[in-house]
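Encoded as structure tokens, the structure appears first; notes follow it.
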Amino acid sequence: MTKKWLPAIAVLALGASLVACGSDSASDDAAATEDTMATEDTMAPTDDTTAAPAADGTSWESNFTPWTADAAPVKCGPKEGEPLKAAWVYVGPINDGGWTQAHDASRLAVQEKFGDKIVTTYKENVPEGDQTAQVIDDLIADGNTLIFGTSFGFQDAFAAAAEKNPDICFEFATGYKSAPNLSQFYGSAEDTDYLTGMAAGYASKTGKLGILAAFPIPEVIRGVNAWTLGARAANPKAEVKLVWTNNWFDPALERKTAEALIAGGADVIGVKSQDSPASGDAAKAAGVPWAGYDSDQSANYPDVWLTATTYHWDVYEIPRIQSIFDGTWVAGNYYGDIEDTFVRLAPYGKLVSEEAKAAIEAKKAEFIKAPGSMFTGPLNDNTGKEVIPAGKSATYGELMSQNFLVEGVDGEIPAS
Amino acid sequence: MNNSLLIVILASAIFYGTPLLFAALGGVFTERSGVLNLGVEGMMLIGGVSGAWASQHVGGSAWFTVFASILIAMFAGGLTALLHAFLCVTLKANQTVAGLSITIFAGALGLSSYFANVWKVAAHPVTRPIRKLDVFGLADTPVLGPLLFNHTILTYVSWVLVAVSSFYLFRTKTGLQLRAVGESPQTADAMGISVVKYRYFHTILGGMLAGIGGAFYSLAIVSTWVDGLTKGAGWIAIALVIFGFWRPDLTLVGAYLFGALQSLGTTLKARSFHISGDLLDALPFIMTIVVLVLVSSRFAHKRLGAPAALGVPYEREER
């Protein structure tokens with residue numbers, strides 16, 4: 001009998017030691033916080049100038065347009081004396097080292113800014129599909145009156161939920177659907193993608209570059225095009241080999257794809273809309289310059305780092321939440337830019353030459369005046385067809401529905 | 001030459017097949033003892049997160065750090081497997097359910113992610129990843145370089161391990177007794193072999209090897225931890241055990257075949273081959289399903305060499 005219970009006791013002891021281990025290392029961590037925190041800070045996408053209005057530029061408001069001019073504000077604020085309950089719905093884990101991490105950094109900034117006036121929650125790894133609606137319902141049942149959606153594939157569920165719950169405020173990133181209580185927010189990543197592409201173009205010796213991108217939807221296509229135009233501004237003969245991964249977040253696949261691009265002859269690697277920095281590991285192993293996406297990885301990949309587009313969602317989210325407290329929240333469309341600091345260019349790596357930096361900074365000044373102006377004619381697609389005639393620029397609507405690949409992209413948009 | 005399609009695919013087959021090989025070899029041992037382990041995915045993730053943690057916290061020379069992280073990943077995987085062994089061998093729980101619960105409990109939304117958050121593993125990349133070596137400076141040799149001389153230390157270890165495992169299983173007395181336990185625990189018991197001991201030991205050994213497989217993901221493939229990093233590799237490993245007929249040498253072949261399938265899609269896409277990338281990416285999983293369906297038939301169990309007592313808890317007095 002005693003013998004039979006030995007394993008049980010052993011496992012219990014192990015379990016206990018595991019727990020002890022856990023807390024031990026937690027306190028170890030606390031002791032070693034100095035150095036870990038330092039590294040962490042360089043990782044956190046929104047550590048600097050959080051929510052500070054642009055130093056000399058416009059505030060976020062000039063980039064926000066209500067759907068209708070005389071819309072009545074949606075009253076989704078809390079009852080007197082209670083905190084506002086706000087929830088964020090994420091497609092990936094909060095530590096993905098990219099997209100979702102940037103969103104969660106914004107949530108934390110919101111929490112810090114409003115303190116006990118707000119209670120924030122999040123749901124991570126939410127699948128795009130039927131389950132999204134279930135998650136939203138649960139969040140509303142829990143008393144959340146403000147819900148942020150952060151992935152394109154959530155859009156239908158958000159639009160449906162907005163119709164069903166007219167008293168709840170919905171904020172949706174990277175979509176296009178509108179409702180009296182559903183806002184859209186995103187920003188001119190094409191500007192910083194273009195600048196990142198310039199850095200890549202200058203870093204390439206052979207003029208053969210590679211980029212991996214998530215899904216062939218306008219938001220991503222626009223970024224790939226801008227990146228390519230930037231690379232070709234640096235080197236007019238540059239060719240960019242494009243591979244769709246059909247995944248937002250799959251670190252091993254992202255690394256594999258970058259490896260395949262390098263083996264296929266690319267001497268600089270870029271990324272669009274991939275949420276992990278894993279392609280940087282392939283670049284690091286091969287010693288190939290790497291332009292990242294959506295997080296400053298300069299500290300983690302110093303030998304290969306060029307630069308990247310980073311998003312600062314709190315630039316928009318903090319004043320929007322303030323407007324709920326003020327009782328003035330109306331739905332609309334926000335498209336941030338470099339000027340209001342919603343999109344920023346991550347610090348340059350050592351592989352970015354002085355010549356490249358000067359050219360990039362000059363172009364950046366142009367984009368501050370005219371966001372999205374790289375899509376100005378004459379512009380051909382990669383089959384040789386003219387897509388924007390000389391003297392014309394793509395309108396906002398055309399940008400939002402862009403469905404061609406510019407000359408210089410070696411790849412295609414799969415028929416769907 | 002070394003960038004030719006065939007060489008690139010073969011080299012990446014070995015690289016991406018290595019974690020599968022470790023996990024599948026572990027599965028061979030576990031299943032040979034008669035314990036079905038569907039918790040491999042969870043054990044890999046626990047191993048992966050522990051290895052990444054160790055790599056960030058163990059000082060000393062680079063080699064020492066790598067060695068220590070692998071050891072700690074093994075230990076963590078082994079601990080998880082101990083839980084499985086306790087459930088299956090001591091409590092005689094349904095092995096399928098026990099394995100599934102381990103994967104759910106330890107998996108992408110469970111313990112491994114919890115540890116990642118508590119230990120702040122994802123906050124920065126591992127400082128000492130496991131890199132590919134340039135053995136004897138021959139990495140750039142045409143053809144043989146990428147195939148033989150440009151792998152991580154774990155790949156070389158896995159080759160030795162395959163040889164040692166084959167020898168152990170088929171040429172030693174303990175190996176014979178292990179197989180007896182998996183085939184007919186009653187007989188083994190009557191011969192004076194401790195079924196409980198054998199099953200515990202080999203289940204834990206399997207978990208340790210799965211832990212190394214997980215660490216390969218977090219230390220060699222991707223140097224920054226992300227939750228759910230292995231993305232189903234544990235399930236492929238389970239299929240590989242069957243695919244390899246519970247033999248280490250054939251498991252190696254299977255692991256590299258699946259490794260090749262995993263990287264085939266991206267390699268072809270990067271070279272502008274016009275085929276459906278989605279289909280190629282799905283191939284490893286389609287293969288997994290096909291293999292599992294084929295070998296789960298009664299015929300397969302009889303003919304392919306599945307341990308007869310696989311998945312059956314051993315009760316001394318029961319017939």
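Please note that chains go A, B, ... in the order of the structure tokens, that every chain numbers its residues from 1, and that ligands are numbered from 1 in the order shown.
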
For this session: Give me the residues within 12 Å of Ala122 of chain B as an MDAnalysis selection string, counting only C-alpha atoms and dropping any in the same chain fewer than 5 places off.
Result: (chainID A and resid 36 39:40 43:44 93:98 101 276:277 300) or (chainID B and resid 48:50 52:53 56 112:117 127 218 222:229)

Writer output for current selection, C-alpha atoms, as a compact mmCIF listing (two decimals), in the first residue's frame:
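Output contents, as saved in selection.txt:
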# COMPACT_ATOMS: atom_id res chain seq x y z
CA THR A 36 16.20 42.60 -17.99
CA THR A 39 16.40 45.26 -22.59
CA GLU A 40 12.66 45.08 -22.34
CA MET A 43 11.70 46.15 -27.08
CA ALA A 44 8.52 47.83 -26.04
CA PRO A 93 -0.21 36.42 -28.28
CA ILE A 94 0.70 39.62 -26.43
CA ASN A 95 4.37 38.72 -26.62
CA ASP A 96 4.61 38.14 -30.36
CA GLY A 97 7.37 40.69 -30.68
CA GLY A 98 5.37 42.70 -33.19
CA GLN A 101 2.68 43.39 -28.65
CA SER A 276 7.11 37.95 -35.36
CA PRO A 277 10.76 38.91 -35.83
CA ASN A 300 18.12 42.21 -30.73
CA GLY B 48 11.17 25.06 -25.34
CA VAL B 49 10.23 27.69 -22.81
CA SER B 50 12.56 26.28 -20.15
CA ALA B 52 14.87 29.70 -23.64
CA TRP B 53 14.73 30.75 -20.00
CA GLN B 56 18.86 33.88 -20.84
CA SER B 112 4.25 27.01 -21.21
CA SER B 113 2.74 30.41 -21.97
CA TYR B 114 2.28 31.04 -18.27
CA PHE B 115 5.97 30.37 -17.64
CA ALA B 116 6.86 32.57 -20.60
CA ASN B 117 4.96 35.43 -18.99
CA THR B 127 21.42 35.64 -26.05
CA SER B 218 13.21 28.19 -29.18
CA VAL B 222 13.54 31.08 -33.70
CA SER B 223 15.64 32.88 -31.14
CA THR B 224 12.73 34.73 -29.55
CA TRP B 225 10.12 32.84 -27.59
CA VAL B 226 6.53 33.06 -28.76
CA ASP B 227 3.60 31.16 -27.28
CA GLY B 228 2.70 28.02 -29.15
CA LEU B 229 6.03 28.09 -30.94

Problem set entry | Shell of 12 Å around segment 63-68 of chain A, only C-alpha atoms, local chain residues under 6 positions omitted, as a VMD selection string | chain A and resid 57 176 to 188 315 to 317 319 to 320 328 to 342 371

Export of prior selection with N, CA and C atoms as a CSV table (one decimal), in the first residue's frame:
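To be explicit, this is the file written out as result_8.csv:
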chain,number,residue,atom,x,y,z
A,57,GLY,N,3.9,69.3,-35.0
A,57,GLY,CA,2.9,69.0,-36.1
A,57,GLY,C,1.5,69.1,-35.6
A,176,TYR,N,-12.6,48.8,-42.8
A,176,TYR,CA,-13.2,49.8,-43.6
A,176,TYR,C,-14.7,50.0,-43.3
A,177,LYS,N,-15.3,49.1,-42.6
A,177,LYS,CA,-16.8,49.2,-42.4
A,177,LYS,C,-17.1,50.2,-41.4
A,178,SER,N,-18.3,50.9,-41.6
A,178,SER,CA,-18.6,51.9,-40.7
A,178,SER,C,-20.0,51.7,-40.1
A,179,ALA,N,-20.2,52.3,-38.9
A,179,ALA,CA,-21.5,52.3,-38.2
A,179,ALA,C,-21.5,53.4,-37.2
A,180,PRO,N,-22.7,53.9,-36.8
A,180,PRO,CA,-22.7,55.0,-35.8
A,180,PRO,C,-21.9,54.7,-34.6
A,181,ASN,N,-21.6,53.5,-34.2
A,181,ASN,CA,-20.8,53.2,-33.1
A,181,ASN,C,-19.6,52.3,-33.4
A,182,LEU,N,-19.2,52.4,-34.7
A,182,LEU,CA,-18.0,51.6,-35.1
A,182,LEU,C,-17.0,52.5,-35.8
A,183,SER,N,-15.9,52.8,-35.2
A,183,SER,CA,-14.8,53.6,-35.8
A,183,SER,C,-13.8,52.7,-36.5
A,184,GLN,N,-13.1,53.3,-37.4
A,184,GLN,CA,-11.9,52.6,-38.0
A,184,GLN,C,-10.7,53.4,-37.7
A,185,PHE,N,-9.6,52.8,-37.4
A,185,PHE,CA,-8.4,53.5,-37.2
A,185,PHE,C,-7.2,52.8,-37.7
A,186,TYR,N,-6.3,53.5,-38.3
A,186,TYR,CA,-5.1,52.9,-38.9
A,186,TYR,C,-4.2,54.1,-39.3
A,187,GLY,N,-3.2,53.8,-40.1
A,187,GLY,CA,-2.4,55.0,-40.5
A,187,GLY,C,-1.5,54.7,-41.7
A,188,SER,N,-0.9,55.7,-42.1
A,188,SER,CA,-0.2,55.7,-43.4
A,188,SER,C,1.2,55.0,-43.2
A,315,VAL,N,-1.5,56.9,-29.6
A,315,VAL,CA,-1.6,58.3,-30.1
A,315,VAL,C,-3.1,58.5,-30.4
A,316,TYR,N,-3.8,57.5,-30.9
A,316,TYR,CA,-5.2,57.6,-31.2
A,316,TYR,C,-6.1,57.2,-30.0
A,317,GLU,N,-5.7,56.1,-29.4
A,317,GLU,CA,-6.6,55.5,-28.4
A,317,GLU,C,-6.8,56.4,-27.1
A,319,PRO,N,-6.7,59.8,-26.6
A,319,PRO,CA,-7.7,60.9,-26.8
A,319,PRO,C,-9.1,60.4,-27.1
A,320,ARG,N,-9.2,59.3,-27.7
A,320,ARG,CA,-10.5,58.7,-28.0
A,320,ARG,C,-11.2,58.3,-26.7
A,328,THR,N,-18.3,62.9,-25.7
A,328,THR,CA,-18.3,63.4,-27.1
A,328,THR,C,-17.9,62.4,-28.1
A,329,TRP,N,-17.9,61.1,-27.7
A,329,TRP,CA,-17.4,60.1,-28.7
A,329,TRP,C,-18.3,59.9,-29.9
A,330,VAL,N,-17.8,60.1,-31.1
A,330,VAL,CA,-18.6,59.8,-32.3
A,330,VAL,C,-17.7,58.9,-33.1
A,331,ALA,N,-18.3,58.0,-33.9
A,331,ALA,CA,-17.6,57.1,-34.7
A,331,ALA,C,-17.1,57.8,-36.0
A,332,GLY,N,-16.0,57.3,-36.5
A,332,GLY,CA,-15.4,57.9,-37.7
A,332,GLY,C,-14.2,57.2,-38.2
A,333,ASN,N,-13.5,57.8,-39.0
A,333,ASN,CA,-12.3,57.2,-39.6
A,333,ASN,C,-11.0,58.0,-39.2
A,334,TYR,N,-10.1,57.2,-38.7
A,334,TYR,CA,-8.8,57.9,-38.4
A,334,TYR,C,-7.7,57.3,-39.3
A,335,TYR,N,-6.9,58.1,-39.9
A,335,TYR,CA,-5.8,57.6,-40.6
A,335,TYR,C,-4.5,58.4,-40.2
A,336,GLY,N,-3.8,57.9,-39.3
A,336,GLY,CA,-2.6,58.6,-38.7
A,336,GLY,C,-1.5,58.7,-39.7
A,337,ASP,N,-0.5,59.4,-39.4
A,337,ASP,CA,0.7,59.5,-40.3
A,337,ASP,C,1.9,59.8,-39.5
A,338,ILE,N,3.0,60.1,-40.2
A,338,ILE,CA,4.3,60.4,-39.6
A,338,ILE,C,4.1,61.7,-38.7
A,339,GLU,N,3.4,62.6,-39.2
A,339,GLU,CA,3.3,63.9,-38.6
A,339,GLU,C,2.7,63.8,-37.2
A,340,ASP,N,1.6,63.1,-37.1
A,340,ASP,CA,1.0,63.0,-35.7
A,340,ASP,C,1.6,61.9,-34.9
A,341,THR,N,2.7,61.3,-35.4
A,341,THR,CA,3.5,60.3,-34.7
A,341,THR,C,2.8,59.0,-34.5
A,342,PHE,N,1.7,58.8,-35.3
A,342,PHE,CA,1.1,57.4,-35.2
A,342,PHE,C,2.0,56.4,-35.8
A,371,PRO,N,1.3,62.7,-47.1
A,371,PRO,CA,1.3,61.3,-46.9
A,371,PRO,C,0.8,60.5,-48.1

For this session: Name all residues at most 8 Å from Ser273 of chain A (count only C-alpha atoms; drop same-chain ones fewer than 3 positions away) and give them as an NGL selection string.
Result: :A and (99 or 213-214 or 220 or 248 or 293-294)

Could you save those same residues with N, CA and C atoms as a tab-separated table (two decimals), in the first residue's frame?
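New file again_39.tsv:
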chain	number	residue	atom	x	y	z
A	99	TRP	N	3.10	42.95	-33.93
A	99	TRP	CA	1.78	43.56	-34.04
A	99	TRP	C	0.99	43.58	-32.74
A	213	ALA	N	5.39	38.55	-46.98
A	213	ALA	CA	4.22	39.32	-46.57
A	213	ALA	C	3.09	38.38	-46.24
A	214	ALA	N	2.16	38.87	-45.41
A	214	ALA	CA	1.15	37.98	-44.84
A	214	ALA	C	0.08	37.58	-45.85
A	220	VAL	N	-1.80	45.20	-46.98
A	220	VAL	CA	-0.48	44.58	-47.11
A	220	VAL	C	0.12	44.86	-48.48
A	248	TRP	N	-0.50	35.55	-40.50
A	248	TRP	CA	-0.04	36.76	-39.81
A	248	TRP	C	1.13	36.44	-38.92
A	293	TYR	N	9.55	44.78	-39.17
A	293	TYR	CA	8.21	45.33	-39.28
A	293	TYR	C	7.57	45.42	-37.91
A	294	ASP	N	7.04	46.58	-37.58
A	294	ASP	CA	6.17	46.76	-36.43
A	294	ASP	C	6.82	46.55	-35.06

Problem set entry | Option closest in space to Pro248 of chain B, from B:Gly51, B:Ser12, B:Ala215, B:Val164 [counting only C-alpha atoms] |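 Closest residue, counting only C-alpha atoms: B:Val164.
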
Problem set entry | Test item: residues at most 6 Å from segment 159-168 of chain A, only C-alpha atoms, excluding those fewer than 4 positions along its chain, as JSON, numbers by chain | {"A": [76, 145, 146]}

Since we have the selection now, will you write its residues out, keeping C-alpha atoms, as a short mmCIF file (atom, residue, chain, number, x, y, z; two decimals), in the first residue's frame?
data_model
loop_
_atom_site.label_atom_id
_atom_site.label_comp_id
_atom_site.auth_asym_id
_atom_site.auth_seq_id
_atom_site.Cartn_x
_atom_site.Cartn_y
_atom_site.Cartn_z
CA CYS A 76 -20.75 54.37 -23.74
CA THR A 145 -18.57 49.17 -23.08
CA LEU A 146 -15.59 49.92 -25.31
#

For this session: Just give me the gap between atom CA of Arg232 of chain A and atom CA of Gly408 of chain A in Å, one decimal is fine.
Result: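 Going from atom CA of Arg232 of chain A over to atom CA of Gly408 of chain A covers 7.6 Å.
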